Amino acid sequence: MDGILTFLSFGPEGWSDEIASGVLVTVFLALATLPFGLAVGFAVALGKISADSALRLAANIYTTIFRGLPELLTLFLVFYGAQIAVQQVMRLAGTGVTIEINAFVAGMVALGAVFSAYASEVFVSAFRAIPQGQYEGAYAVGLSRWCTMRLVILPQLIRLALPGLSNLWLILLKETSLVSVIGLADILRQTGVAARVTKEAFLFFGLACLIYLVLAVLSSFAFSAIERRVSLSGPAR
């Protein structure tokens with residue numbers, strides 16, 4: 001028991017410092033990916049419901065690709081493939097500059113692309129649940145397209161999309177563990193290193209499970225509070 005407490009302590013003999021830093025990396029990565037994924041997903045959703053057939057085709061191709069590829073493969077393509085592409089561009093430009101893609105940025109872009117592909121479907125479903133009369137009524141009272149979207153559609157859209165987006169957030173939180181394979185010191189990587197060094201795999205991987213579950217529970221409470229707050233404005237009609 002004393003050995004376990006030593007392993008889980010803070011300081012030079014314990015691993016809690018490293019694991020705590022891994023928790024911060026995981027949370028920051030998820031929080032950085034969320035707005036990126038939401039913005040891209042919303043843009044893709046607008047493309048999917050656009051009257052322009054070219055935009056619809058491009059948006060459907062985007063979602064097909066990133067929903068069809070495994071997340072780990074997408075991460076490798078961004079981290080390694082994009083890095084090779086950048087190096088080739090620099091070589092052709094004759095600059096001689098070497099640019100390396102940061103593992104955090106690569107993880108954010110890769111996970112954000114996958115998140116946005118699924119989020120776009122959530123947004124599309126929410127758009128289709130809003131009656132066409134809402135648009136017509138807003139235009140009839142003289143609101144522009146931008147004002148209609150901002151004042152009439154978006155409040156209802158958020159309320160309708162929030163349950164689906166909360167599920168996607170929980171999935172995103174778990175998928176951040178994939179970045180451990182490209183060297184980012186997240187929860188899984190830090191607990192994996194601790195498990196290999198101490199030979200206490202069950203202890204540290206069990207601790208990783210507990211941390212992810214705590215993050216998921218806290219996220220559920222946060223989204224429940226947000227949903228209650230948003231519902232005060234009344235149901236979409």
# chains A, B, ... in the order shown; residues from 1 in each chain; ligands from 1
$ residues_around --residues "Ile153 (chain A)" --least-positions-apart "2" --cutoff "10 Å" --atoms "only C-alpha atoms" --output "CSV table (one decimal) with N, CA and C atoms, in the first residue's frame"
chain,number,residue,atom,x,y,z
A,126,ALA,N,-30.9,20.0,-37.1
A,126,ALA,CA,-31.5,21.1,-36.4
A,126,ALA,C,-32.1,22.1,-37.3
A,127,PHE,N,-31.4,22.4,-38.4
A,127,PHE,CA,-31.9,23.4,-39.4
A,127,PHE,C,-33.2,22.9,-40.0
A,130,ILE,N,-36.4,23.4,-37.9
A,130,ILE,CA,-37.0,24.7,-37.8
A,130,ILE,C,-38.0,25.0,-38.9
A,131,PRO,N,-39.2,25.3,-38.7
A,131,PRO,CA,-40.2,25.5,-39.8
A,131,PRO,C,-39.8,26.6,-40.7
A,134,GLN,N,-40.6,30.3,-40.0
A,134,GLN,CA,-39.7,31.2,-39.2
A,134,GLN,C,-38.9,32.1,-40.1
A,135,TYR,N,-38.4,31.6,-41.2
A,135,TYR,CA,-37.6,32.4,-42.1
A,135,TYR,C,-38.6,33.5,-42.8
A,138,ALA,N,-39.6,36.3,-40.5
A,138,ALA,CA,-38.5,37.2,-40.3
A,138,ALA,C,-38.3,38.1,-41.5
A,146,TRP,N,-28.9,38.0,-42.5
A,146,TRP,CA,-27.9,37.9,-41.4
A,146,TRP,C,-28.7,38.1,-40.1
A,147,CYS,N,-29.6,39.1,-40.0
A,147,CYS,CA,-30.3,39.3,-38.8
A,147,CYS,C,-31.3,38.1,-38.5
A,148,THR,N,-31.9,37.6,-39.5
A,148,THR,CA,-32.7,36.4,-39.4
A,148,THR,C,-32.0,35.2,-38.8
A,149,MET,N,-30.8,35.0,-39.3
A,149,MET,CA,-30.0,33.9,-38.8
A,149,MET,C,-29.6,34.2,-37.3
A,150,ARG,N,-29.2,35.4,-37.0
A,150,ARG,CA,-28.6,35.7,-35.7
A,150,ARG,C,-29.7,35.8,-34.6
A,151,LEU,N,-30.9,36.4,-35.0
A,151,LEU,CA,-31.9,36.7,-34.0
A,151,LEU,C,-33.0,35.6,-33.9
A,155,PRO,N,-30.8,31.0,-32.1
A,155,PRO,CA,-31.2,30.6,-30.7
A,155,PRO,C,-32.0,29.3,-30.7
A,156,GLN,N,-32.8,29.1,-31.8
A,156,GLN,CA,-33.5,27.8,-31.9
A,156,GLN,C,-32.6,26.7,-32.3
A,157,LEU,N,-31.6,27.0,-33.1
A,157,LEU,CA,-30.7,26.0,-33.6
A,157,LEU,C,-29.8,25.4,-32.5
A,158,ILE,N,-29.4,26.3,-31.6
A,158,ILE,CA,-28.5,25.9,-30.5
A,158,ILE,C,-29.3,25.0,-29.6
A,236,ALA,N,-38.5,25.5,-29.4
A,236,ALA,CA,-38.6,25.9,-30.8
A,236,ALA,C,-39.9,25.5,-31.3
$ residues_around --residues "region 221-225 of chain A" --least-positions-apart "2" --cutoff "12 Å" --atoms "only C-alpha atoms" --output "number ranges by chain"
A: 159, 161-170, 214-219, 227-232
$ residues_around --residues "Pro35 (chain A)" --least-positions-apart "2" --cutoff "12 Å" --atoms "only C-alpha atoms" --output "PDB file with N, CA and C atoms, in the first residue's frame"
ATOM      1  N   PHE A  28      -7.104  20.940 -22.442  1.00  0.00           N
ATOM      2  CA  PHE A  28      -6.817  22.068 -23.334  1.00  0.00           C
ATOM      3  C   PHE A  28      -6.986  21.682 -24.799  1.00  0.00           C
ATOM      4  N   LEU A  29      -6.574  20.457 -25.148  1.00  0.00           N
ATOM      5  CA  LEU A  29      -6.727  20.003 -26.522  1.00  0.00           C
ATOM      6  C   LEU A  29      -8.200  19.902 -26.897  1.00  0.00           C
ATOM      7  N   ALA A  30      -9.003  19.326 -26.009  1.00  0.00           N
ATOM      8  CA  ALA A  30     -10.434  19.201 -26.285  1.00  0.00           C
ATOM      9  C   ALA A  30     -11.097  20.571 -26.390  1.00  0.00           C
ATOM     10  N   LEU A  31     -10.733  21.480 -25.478  1.00  0.00           N
ATOM     11  CA  LEU A  31     -11.322  22.817 -25.491  1.00  0.00           C
ATOM     12  C   LEU A  31     -10.886  23.620 -26.714  1.00  0.00           C
ATOM     13  N   ALA A  32      -9.658  23.410 -27.170  1.00  0.00           N
ATOM     14  CA  ALA A  32      -9.184  24.104 -28.368  1.00  0.00           C
ATOM     15  C   ALA A  32      -9.836  23.541 -29.629  1.00  0.00           C
ATOM     16  N   THR A  33     -10.107  22.243 -29.622  1.00  0.00           N
ATOM     17  CA  THR A  33     -10.705  21.592 -30.791  1.00  0.00           C
ATOM     18  C   THR A  33     -12.177  21.946 -30.928  1.00  0.00           C
ATOM     19  N   GLY A  37     -13.962  22.862 -34.384  1.00  0.00           N
ATOM     20  CA  GLY A  37     -14.864  21.883 -34.964  1.00  0.00           C
ATOM     21  C   GLY A  37     -16.274  22.416 -35.140  1.00  0.00           C
ATOM     22  N   LEU A  38     -16.744  23.224 -34.173  1.00  0.00           N
ATOM     23  CA  LEU A  38     -18.090  23.791 -34.287  1.00  0.00           C
ATOM     24  C   LEU A  38     -18.179  24.779 -35.449  1.00  0.00           C
ATOM     25  N   ALA A  39     -17.156  25.619 -35.594  1.00  0.00           N
ATOM     26  CA  ALA A  39     -17.169  26.614 -36.671  1.00  0.00           C
ATOM     27  C   ALA A  39     -17.148  25.941 -38.040  1.00  0.00           C
ATOM     28  N   VAL A  40     -16.256  24.960 -38.196  1.00  0.00           N
ATOM     29  CA  VAL A  40     -16.178  24.254 -39.481  1.00  0.00           C
ATOM     30  C   VAL A  40     -17.449  23.451 -39.723  1.00  0.00           C
ATOM     31  N   GLY A  41     -17.950  22.802 -38.684  1.00  0.00           N
ATOM     32  CA  GLY A  41     -19.171  22.012 -38.822  1.00  0.00           C
ATOM     33  C   GLY A  41     -20.363  22.854 -39.211  1.00  0.00           C
ATOM     34  N   PHE A  42     -20.451  24.058 -38.630  1.00  0.00           N
ATOM     35  CA  PHE A  42     -21.559  24.951 -38.982  1.00  0.00           C
ATOM     36  C   PHE A  42     -21.441  25.398 -40.433  1.00  0.00           C
ATOM     37  N   MET A 108      -5.339  18.905 -32.869  1.00  0.00           N
ATOM     38  CA  MET A 108      -6.504  19.783 -32.915  1.00  0.00           C
ATOM     39  C   MET A 108      -7.145  19.783 -34.298  1.00  0.00           C
ATOM     40  N   VAL A 109      -6.317  19.860 -35.347  1.00  0.00           N
ATOM     41  CA  VAL A 109      -6.840  19.895 -36.713  1.00  0.00           C
ATOM     42  C   VAL A 109      -7.501  18.566 -37.078  1.00  0.00           C
ATOM     43  N   LEU A 111      -8.639  16.020 -35.066  1.00  0.00           N
ATOM     44  CA  LEU A 111      -9.842  15.754 -34.288  1.00  0.00           C
ATOM     45  C   LEU A 111     -10.946  16.752 -34.622  1.00  0.00           C
ATOM     46  N   GLY A 112     -10.549  18.000 -34.924  1.00  0.00           N
ATOM     47  CA  GLY A 112     -11.537  19.005 -35.303  1.00  0.00           C
ATOM     48  C   GLY A 112     -12.208  18.678 -36.624  1.00  0.00           C
ATOM     49  N   ALA A 113     -11.445  18.122 -37.566  1.00  0.00           N
ATOM     50  CA  ALA A 113     -12.023  17.747 -38.860  1.00  0.00           C
ATOM     51  C   ALA A 113     -13.063  16.645 -38.685  1.00  0.00           C
ATOM     52  N   PHE A 115     -14.645  15.872 -35.832  1.00  0.00           N
ATOM     53  CA  PHE A 115     -15.735  16.433 -35.038  1.00  0.00           C
ATOM     54  C   PHE A 115     -16.669  17.270 -35.917  1.00  0.00           C
ATOM     55  N   SER A 116     -16.090  18.090 -36.792  1.00  0.00           N
ATOM     56  CA  SER A 116     -16.906  18.970 -37.635  1.00  0.00           C
ATOM     57  C   SER A 116     -17.767  18.178 -38.610  1.00  0.00           C
ATOM     58  N   ALA A 119     -20.574  17.011 -36.481  1.00  0.00           N
ATOM     59  CA  ALA A 119     -21.346  18.162 -36.008  1.00  0.00           C
ATOM     60  C   ALA A 119     -22.189  18.753 -37.128  1.00  0.00           C
ATOM     61  N   LEU A 165     -24.664  17.719 -29.831  1.00  0.00           N
ATOM     62  CA  LEU A 165     -23.314  18.261 -29.669  1.00  0.00           C
ATOM     63  C   LEU A 165     -22.697  17.826 -28.347  1.00  0.00           C
ATOM     64  N   TRP A 169     -19.131  15.999 -27.914  1.00  0.00           N
ATOM     65  CA  TRP A 169     -18.083  16.480 -27.008  1.00  0.00           C
ATOM     66  C   TRP A 169     -17.500  15.323 -26.188  1.00  0.00           C
TER      67      TRP A 169
END
$ atom_distance --atom1 "CA of Leu72 (chain A)" --atom2 "CA of Thr26 (chain A)"
16.2 Å
$ atom_distance --atom1 "CA of Phe205 (chain A)" --atom2 "CA of Gly192 (chain A)"
7.1 Å
$ select_by_dssp --residues "region 20-81 of chain A" --states "alpha helix (DSSP H)" --output "tab-separated table (two decimals) with C-alpha atoms, in the first residue's frame"
chain	number	residue	atom	x	y	z
A	20	ALA	CA	-1.78	16.12	-13.78
A	21	SER	CA	0.07	17.79	-16.65
A	22	GLY	CA	-1.38	15.12	-18.96
A	23	VAL	CA	-4.89	15.97	-17.74
A	24	LEU	CA	-4.29	19.63	-18.56
A	25	VAL	CA	-3.04	18.74	-22.05
A	26	THR	CA	-6.11	16.58	-22.66
A	27	VAL	CA	-8.55	19.24	-21.45
A	28	PHE	CA	-6.82	22.07	-23.33
A	29	LEU	CA	-6.73	20.00	-26.52
A	30	ALA	CA	-10.43	19.20	-26.29
A	31	LEU	CA	-11.32	22.82	-25.49
A	32	ALA	CA	-9.18	24.10	-28.37
A	33	THR	CA	-10.71	21.59	-30.79
A	34	LEU	CA	-14.32	22.34	-29.83
A	35	PRO	CA	-14.69	25.88	-31.27
A	36	PHE	CA	-12.68	24.92	-34.35
A	37	GLY	CA	-14.86	21.88	-34.96
A	38	LEU	CA	-18.09	23.79	-34.29
A	39	ALA	CA	-17.17	26.61	-36.67
A	40	VAL	CA	-16.18	24.25	-39.48
A	41	GLY	CA	-19.17	22.01	-38.82
A	42	PHE	CA	-21.56	24.95	-38.98
A	43	ALA	CA	-20.01	26.12	-42.25
A	44	VAL	CA	-20.27	22.63	-43.71
A	45	ALA	CA	-23.90	22.41	-42.58
A	46	LEU	CA	-24.66	25.66	-44.38
A	47	GLY	CA	-23.06	24.15	-47.46
A	48	LYS	CA	-25.18	21.01	-47.17
A	53	SER	CA	-25.31	22.25	-55.94
A	54	ALA	CA	-21.51	22.71	-56.00
A	55	LEU	CA	-21.50	23.71	-52.31
A	56	ARG	CA	-23.74	20.78	-51.42
A	57	LEU	CA	-21.45	18.38	-53.27
A	58	ALA	CA	-18.30	19.78	-51.61
A	59	ALA	CA	-19.90	19.60	-48.15
A	60	ASN	CA	-21.09	16.02	-48.72
A	61	ILE	CA	-17.64	14.96	-49.93
A	62	TYR	CA	-16.07	16.53	-46.83
A	63	THR	CA	-18.38	14.71	-44.42
A	64	THR	CA	-18.04	11.43	-46.32
A	65	ILE	CA	-14.25	11.56	-46.10
A	66	PHE	CA	-13.91	12.46	-42.43
A	67	ARG	CA	-16.76	10.24	-41.26
A	68	GLY	CA	-15.39	7.34	-43.28
A	71	GLU	CA	-9.68	8.90	-36.56
A	72	LEU	CA	-6.18	7.50	-36.04
A	73	LEU	CA	-5.53	7.47	-39.78
A	74	THR	CA	-6.77	11.06	-40.05
A	75	LEU	CA	-4.35	12.02	-37.29
A	76	PHE	CA	-1.44	10.36	-39.12
$ residues_around --residues "region 7-14 of chain A" --least-positions-apart "5" --cutoff "12 Å" --atoms "only C-alpha atoms" --output "PyMOL selection string"
chain A and resi 1-2+19-21+191+194-195+197-201+203-204+207
